[in-house]
>>> print(open('coords-v6.cif').read())   # mmCIF, C-alpha atoms
data_final
#
loop_
_atom_site.label_atom_id
_atom_site.label_comp_id
_atom_site.auth_asym_id
_atom_site.auth_seq_id
_atom_site.Cartn_x
_atom_site.Cartn_y
_atom_site.Cartn_z
CA MET B 9 -14.76 183.82 98.12
CA THR B 10 -11.89 181.81 96.67
CA SER B 11 -12.33 178.53 94.83
CA ARG B 12 -10.04 175.71 95.89
CA HIS B 13 -9.60 172.21 94.57
CA THR B 14 -10.38 169.82 97.42
CA LEU B 15 -10.22 166.03 97.75
CA VAL B 16 -12.67 164.51 100.22
CA CYS B 17 -12.16 160.92 101.38
CA LEU B 18 -14.97 158.86 102.87
CA PRO B 19 -15.41 155.34 104.22
CA PRO B 20 -17.28 152.78 102.07
CA LEU B 21 -20.87 153.70 101.19
CA ALA B 22 -22.76 151.18 99.10
CA ASP B 23 -25.49 153.51 97.84
CA PRO B 24 -24.23 156.36 95.59
CA HIS B 25 -27.35 158.33 96.50
CA ASP B 26 -25.80 158.76 99.97
CA TRP B 27 -22.57 160.30 98.71
CA ALA B 28 -23.60 163.96 98.56
CA ASP B 29 -25.09 163.88 102.06
CA ALA B 30 -21.94 162.18 103.37
CA ILE B 31 -19.78 164.91 101.85
CA ASP B 32 -21.99 167.57 103.46
CA GLU B 33 -21.54 165.86 106.82
CA ALA B 34 -17.78 165.52 106.36
CA ILE B 35 -17.16 169.19 105.56
CA ALA B 36 -19.66 170.55 108.12
CA PRO B 37 -17.05 170.89 110.92
CA TYR B 38 -15.08 173.37 108.79
CA PRO B 39 -17.42 176.31 108.12
CA ASP B 40 -14.51 178.76 108.29
CA ASP B 41 -12.47 176.84 105.72
CA LEU B 42 -14.94 175.10 103.40
CA TYR B 43 -17.75 177.51 102.71
CA THR B 44 -20.10 175.81 100.30
CA TRP B 45 -20.47 173.29 97.54
CA THR B 46 -23.34 171.61 95.74
CA ALA B 47 -23.33 168.24 94.07
CA TYR B 48 -24.80 169.82 90.94
CA GLY B 49 -22.34 172.61 90.40
CA ARG B 50 -19.23 172.00 92.44
CA TYR B 51 -17.91 168.58 91.48
CA ASP B 52 -14.65 168.85 89.57
CA THR B 53 -13.40 166.32 87.02
CA HIS B 54 -9.84 166.00 88.25
CA LEU B 55 -9.60 162.27 88.87
CA ALA B 56 -8.60 159.78 86.19
CA VAL B 57 -10.61 156.59 85.73
CA ARG B 58 -9.04 153.17 85.30
CA PRO B 59 -9.55 151.81 81.76
CA ASP B 60 -11.59 148.88 83.08
CA ALA B 61 -13.91 151.04 85.21
CA THR B 62 -17.58 151.25 84.24
CA PRO B 63 -19.10 154.60 85.33
CA SER B 64 -22.59 153.48 84.36
CA ASP B 65 -22.81 151.08 87.31
CA GLY B 66 -22.99 153.93 89.82
CA SER B 67 -19.54 153.32 91.31
CA LEU B 68 -18.27 156.63 89.91
CA VAL B 69 -19.77 160.09 89.82
CA GLN B 70 -19.49 162.32 86.79
CA SER B 71 -19.81 166.10 86.64
CA SER B 72 -21.50 168.15 83.97
CA ARG B 73 -18.33 170.26 84.05
CA ALA B 74 -16.30 167.61 82.22
CA ARG B 75 -13.13 168.91 80.63
CA GLN B 76 -11.34 167.75 77.51
CA SER B 77 -8.46 165.49 78.49
CA ARG B 78 -6.38 162.67 77.12
CA LEU B 79 -7.37 160.73 80.21
CA PRO B 80 -10.93 159.58 80.95
CA THR B 81 -11.89 161.52 84.07
CA CYS B 82 -14.52 161.53 86.77
CA SER B 83 -15.46 163.46 89.89
CA GLY B 84 -14.90 160.61 92.31
CA GLY B 85 -15.90 157.18 93.48
CA ARG B 86 -14.28 154.01 94.79
CA ARG B 87 -10.54 154.25 95.23
CA ASP B 88 -9.89 151.04 93.27
CA LEU B 89 -11.52 152.54 90.16
CA LEU B 90 -9.34 155.65 90.15
CA ASP B 91 -6.07 155.71 88.22
CA PHE B 92 -3.54 157.73 90.22
CA PRO B 93 -0.51 156.32 88.32
CA ALA B 94 -1.99 157.46 85.01
CA MET B 95 -2.53 160.97 86.40
CA ARG B 96 1.10 161.15 87.51
CA THR B 97 2.41 159.82 84.21
CA HIS B 98 0.28 162.30 82.28
CA ARG B 99 1.39 165.30 84.36
CA ALA B 100 5.02 164.23 84.22
CA ALA B 101 4.88 163.97 80.42
CA GLN B 102 3.43 167.47 80.19
CA ALA B 103 6.20 168.84 82.40
CA SER B 104 8.87 167.05 80.40
CA ARG B 105 7.61 168.50 77.12
CA LEU B 106 7.48 172.00 78.57
CA HIS B 107 10.96 171.79 80.05
CA HIS B 108 12.48 170.51 76.79
CA ALA B 109 10.63 173.09 74.70
CA TRP B 110 11.65 175.97 76.96
CA LYS B 111 15.29 174.86 77.11
CA ASN B 112 15.42 174.55 73.32
CA ALA B 113 13.76 177.93 72.81
CA THR B 114 16.21 179.67 75.17
CA ALA B 115 19.35 177.78 74.08
CA THR B 116 20.95 180.94 72.61
CA LEU B 117 20.23 183.00 75.74
CA PRO B 118 22.18 182.97 78.99
CA PRO B 119 20.60 180.89 81.76
CA ALA B 120 17.74 182.59 83.56
CA VAL B 121 18.40 183.71 87.12
CA PRO B 122 16.24 181.84 89.66
CA LEU B 123 13.68 183.70 91.74
CA SER B 124 15.60 182.90 94.92
CA SER B 125 18.45 185.13 93.73
CA PHE B 126 16.09 188.08 93.32
CA HIS B 127 14.71 187.42 96.80
CA GLN B 128 18.27 187.63 98.13
CA ARG B 129 18.77 190.96 96.33
CA HIS B 130 15.50 192.39 97.65
CA PRO B 131 14.77 190.62 100.95
CA GLN B 132 12.35 193.33 102.06
CA ASP B 133 10.58 193.73 98.73
CA PRO B 134 9.22 190.44 97.34
CA GLY B 135 7.09 192.32 94.82
CA ARG B 136 10.15 193.90 93.23
CA ALA B 137 11.96 190.56 93.28
CA LEU B 138 9.10 188.91 91.37
CA GLN B 139 8.87 191.80 88.91
CA GLU B 140 12.57 191.61 88.05
CA PHE B 141 12.41 187.82 87.82
CA ARG B 142 9.54 187.96 85.34
CA ALA B 143 11.25 190.71 83.31
CA GLN B 144 13.98 188.33 82.17
CA PRO B 145 13.87 187.63 78.41
CA GLN B 146 13.85 183.90 79.07
CA LEU B 147 10.52 184.31 80.88
CA GLN B 148 9.05 186.19 77.92
CA VAL B 149 10.00 183.21 75.77
CA LEU B 150 8.03 181.02 78.17
CA THR B 151 4.97 183.26 77.85
CA ASN B 152 5.10 183.04 74.05
CA LEU B 153 5.80 179.31 74.12
CA ASP B 154 3.04 178.43 76.56
CA ALA B 155 0.41 181.04 75.67
CA PRO B 156 -2.63 179.02 76.86
CA ARG B 157 -1.09 178.93 80.34
CA SER B 158 0.78 182.23 80.32
CA HIS B 159 -0.72 183.00 83.74
CA ARG B 160 0.67 179.82 85.29
CA ARG B 161 1.37 179.93 88.99
CA LYS B 162 4.45 181.81 90.09
CA ALA B 163 5.78 178.70 91.85
CA GLU B 164 5.66 176.61 88.68
CA THR B 165 7.53 179.24 86.66
CA ALA B 166 10.12 179.60 89.42
CA ALA B 167 10.58 175.82 89.49
CA LEU B 168 11.05 175.66 85.73
CA VAL B 169 13.95 178.08 86.03
CA ALA B 170 15.49 176.61 89.18
CA LEU B 171 15.23 172.86 88.56
CA ASP B 172 16.82 170.52 86.06
CA HIS B 173 14.63 168.37 83.83
CA ASP B 174 14.30 165.36 86.11
CA ALA B 175 13.58 167.41 89.22
CA PHE B 176 10.98 169.51 87.39
CA VAL B 177 9.26 166.38 86.09
CA GLU B 178 9.23 164.78 89.55
CA ARG B 179 7.80 167.98 91.01
CA ALA B 180 4.93 167.77 88.51
CA ARG B 181 4.39 164.10 89.25
CA GLN B 182 3.99 164.80 92.97
CA ARG B 183 1.37 167.49 92.22
CA ALA B 184 -0.73 165.42 89.84
CA VAL B 185 -3.15 163.85 92.33
CA PRO B 186 -3.47 165.94 95.53
CA GLY B 187 -5.70 168.96 95.51
CA ASP B 188 -5.15 172.19 97.42
CA LEU B 189 -6.91 170.63 100.42
CA LEU B 190 -7.32 167.04 101.58
CA LEU B 191 -10.08 165.95 103.96
CA THR B 192 -9.23 162.50 105.29
CA VAL B 193 -11.62 159.78 106.42
CA ASP B 194 -11.00 160.58 110.10
CA GLY B 195 -12.18 164.16 109.52
CA THR B 196 -8.78 165.89 109.48
CA LEU B 197 -8.44 168.77 107.02
CA HIS B 198 -4.98 169.22 105.52
CA ILE B 199 -4.30 172.44 103.59
CA ASN B 200 -1.37 173.12 101.29
CA PRO B 201 0.27 176.01 103.18
CA SER B 202 1.29 177.74 99.95
CA PHE B 203 -2.38 178.66 99.47
CA ILE B 204 -2.41 180.52 102.78
CA ASN B 205 1.03 182.14 102.81
CA ALA B 206 3.83 182.35 100.29
CA ASP B 207 6.08 179.28 100.49
CA ASP B 208 9.85 179.53 100.73
CA ASP B 209 11.99 179.16 97.61
CA ALA B 210 12.49 175.47 98.32
CA GLU B 211 8.70 174.93 98.55
CA THR B 212 9.17 173.27 101.94
CA GLY B 213 5.55 173.64 103.04
CA SER B 214 4.06 172.37 99.79
CA THR B 215 6.46 169.44 99.65
CA ARG B 216 5.49 168.35 103.16
CA TYR B 217 1.78 168.56 102.32
CA LEU B 218 2.18 166.72 99.01
CA ASP B 219 4.21 163.91 100.59
CA LEU B 220 1.48 163.42 103.18
CA ALA B 221 -1.38 163.62 100.67
CA ASN B 222 0.16 161.26 98.12
CA ARG B 223 1.04 158.70 100.76
CA TYR B 224 -2.43 158.86 102.30
CA LEU B 225 -4.24 158.52 98.96
CA ASP B 226 -2.04 155.65 97.79
CA GLU B 227 -2.64 153.73 101.03
CA LEU B 228 -6.39 154.31 101.13
CA PRO B 229 -8.27 150.97 101.08
CA PRO B 230 -9.77 150.08 97.69
CA ASP B 231 -13.39 150.23 98.84
CA HIS B 232 -13.06 153.75 100.27
CA LEU B 233 -14.25 156.80 98.36
CA VAL B 234 -12.42 159.85 96.98
CA PHE B 235 -14.20 162.90 95.57
CA SER B 236 -12.79 165.89 93.74
CA LEU B 237 -14.62 169.11 94.62
CA ASP B 238 -14.45 172.74 93.65
CA VAL B 239 -15.02 174.18 97.12
CA ARG B 240 -15.48 177.81 98.04
CA LEU B 241 -13.33 179.04 100.89
CA ALA B 242 -14.86 181.54 103.24
CA GLY B 243 -13.29 184.98 103.38
#
>>> encode(input="coords-v6.cif", output="structure tokens")
Amino acid sequence: MTSRHTLVCLPPLADPHDWADAIDEAIAPYPDDLYTWTAYGRYDTHLAVRPDATPSDGSLVQSSRARQSRLPTCSGGRRDLLDFPAMRTHRAAQASRLHHAWKNATATLPPAVPLSSFHQRHPQDPGRALQEFRAQPQLQVLTNLDAPRSHRRKAETAALVALDHDAFVERARQRAVPGDLLLTVDGTLHINPSFINADDDAETGSTRYLDLANRYLDELPPDHLVFSLDVRLAG
């Protein structure tokens, strides 16, 4: 089973004791996609909390799996208590620092060749294309520079090479809030296609999903609920 980061949106529910049962009911129609979760062990702590929010009043849910972060985080609650702008600003700042650091560290090297060029050289062998892309000395610099995340996703590394600073930062901003899957209030499950099949070099599928997810979350009424789950996918 594969673990995927999922956002579940629900209509207003006044009693927090009803939240876990409501999540169970919401994901029940998708047994082939969302395998299992438990309120005790599967809440994530992805969502940032507004500075004026008060988790002790029951309007937010916290997970025992809290992670260290510069932002106060929670596992979900009322939309109006969640700080999506802060999440985007935080992720954008991280991307900006990485891009500047990598450009400075590789300033004496020729520009790295983007992954798309290797795909063009080896259209029938994506494994070889990726291997040659990663063998570039500029990518070794990235591994040394960013050791804690040396196993970052292929798509993020490819974007770092292919995009200029502003585009790379905007890419990170768009990915700050949505999870890998989004379950909307009407019961529709949206899945980032890059987690099913490899995306194209322009990340067309992911971009479409992220545009939809960000727009939906930003327009969600303030009294609605959003939860961040670590959900197991069947298969």
>>> resolve_selection(input="coords-v6.cif", expression="the PyMOL selection byres ((chain B and resi 17) around 12)", output="ChimeraX atom specification")
/B:14-16,18-21,27,30-31,33-35,84-87,186-187,189-198,221,224-237
>>> resolve_selection(input="coords-v6.cif", expression="the PyMOL selection byres ((chain B and resi 56) around 7)", output="JSON list (two decimals) with C-alpha atoms, in the coordinates of the input")
[["chain", "number", "residue", "atom", "x", "y", "z"],
["B", 54, "HIS", "CA", -9.84, 166.00, 88.25],
["B", 55, "LEU", "CA", -9.60, 162.27, 88.87],
["B", 57, "VAL", "CA", -10.61, 156.59, 85.73],
["B", 58, "ARG", "CA", -9.04, 153.17, 85.30],
["B", 79, "LEU", "CA", -7.37, 160.73, 80.21],
["B", 80, "PRO", "CA", -10.93, 159.58, 80.95],
["B", 81, "THR", "CA", -11.89, 161.52, 84.07],
["B", 82, "CYS", "CA", -14.52, 161.53, 86.77],
["B", 90, "LEU", "CA", -9.34, 155.65, 90.15],
["B", 91, "ASP", "CA", -6.07, 155.71, 88.22],
["B", 92, "PHE", "CA", -3.54, 157.73, 90.22],
["B", 95, "MET", "CA", -2.53, 160.97, 86.40]]
>>> closest_residue(input="coords-v6.cif", among="B:Ala113, B:Leu218, B:Leu89, B:Ala167", to="Asp60 of chain B", atoms="only C-alpha atoms")
B:Leu89
>>> residues_around(input="coords-v6.cif", residues="segment 133-140 of chain B", least_positions_apart="5", cutoff="8 Å", atoms="only C-alpha atoms", output="list in words")
Leu123, Phe126 and His127 of chain B
>>> resolve_selection(input="coords-v6.cif", expression="the PyMOL selection byres ((chain B and resi 143-146) around 8)", output="CSV table (one decimal) with C-alpha atoms, in the coordinates of the input")
chain,number,residue,atom,x,y,z
B,114,THR,CA,16.2,179.7,75.2
B,117,LEU,CA,20.2,183.0,75.7
B,119,PRO,CA,20.6,180.9,81.8
B,120,ALA,CA,17.7,182.6,83.6
B,139,GLN,CA,8.9,191.8,88.9
B,140,GLU,CA,12.6,191.6,88.0
B,141,PHE,CA,12.4,187.8,87.8
B,142,ARG,CA,9.5,188.0,85.3
B,147,LEU,CA,10.5,184.3,80.9
B,148,GLN,CA,9.0,186.2,77.9
B,149,VAL,CA,10.0,183.2,75.8
B,150,LEU,CA,8.0,181.0,78.2
>>> axis_aligned_box(input="coords-v6.cif", around="segment 196-210 of chain B", padding_each_side="8 Å", output="JSON")
{"center_x": 1.9, "center_y": 174.1, "center_z": 103.5, "size_x": 37.3, "size_y": 32.5, "size_z": 27.9}
>>> atom_distance(input="coords-v6.cif", atom1="atom CA of Ala103 of chain B", atom2="atom CA of Glu164 of chain B")
10.0 Å
>>> closest_residue(input="coords-v6.cif", among="B:Ala36, B:Ala170, B:Ala28, B:Leu153", to="Asn112 of chain B", atoms="all atoms listed in the file")
B:Leu153
>>> atom_distance(input="coords-v6.cif", atom1="atom CA of Gly213 of chain B", atom2="atom CA of Pro122 of chain B")
19.0 Å
>>> atom_distance(input="coords-v6.cif", atom1="atom CA of Thr215 of chain B", atom2="atom CA of Asp238 of chain B")
22.0 Å
>>> closest_residue(input="coords-v6.cif", among="B:Pro39, B:Arg99, B:Ala22, B:Ala94", to="Arg181 of chain B", atoms="all atoms listed in the file")
B:Arg99
>>> residues_around(input="coords-v6.cif", residues="Val177 of chain B", least_positions_apart="6", cutoff="8 Å", atoms="all atoms listed in the file", output="NGL selection string")
:B and (100-101 or 103-104)
>>> residues_around(input="coords-v6.cif", residues="Pro201 of chain B", least_positions_apart="2", cutoff="10 Å", atoms="all atoms listed in the file", output="list of chain:residue names")
B:Asp188, B:Leu189, B:His198, B:Ile199, B:Phe203, B:Ile204, B:Asn205, B:Ala206, B:Asp207, B:Glu211, B:Thr212, B:Gly213, B:Ser214, B:Thr215, B:Arg216, B:Tyr217
>>> closest_residue(input="coords-v6.cif", among="B:Ser125, B:His173, B:Ser83, B:Pro131", to="His108 of chain B", atoms="only C-alpha atoms")
B:His173
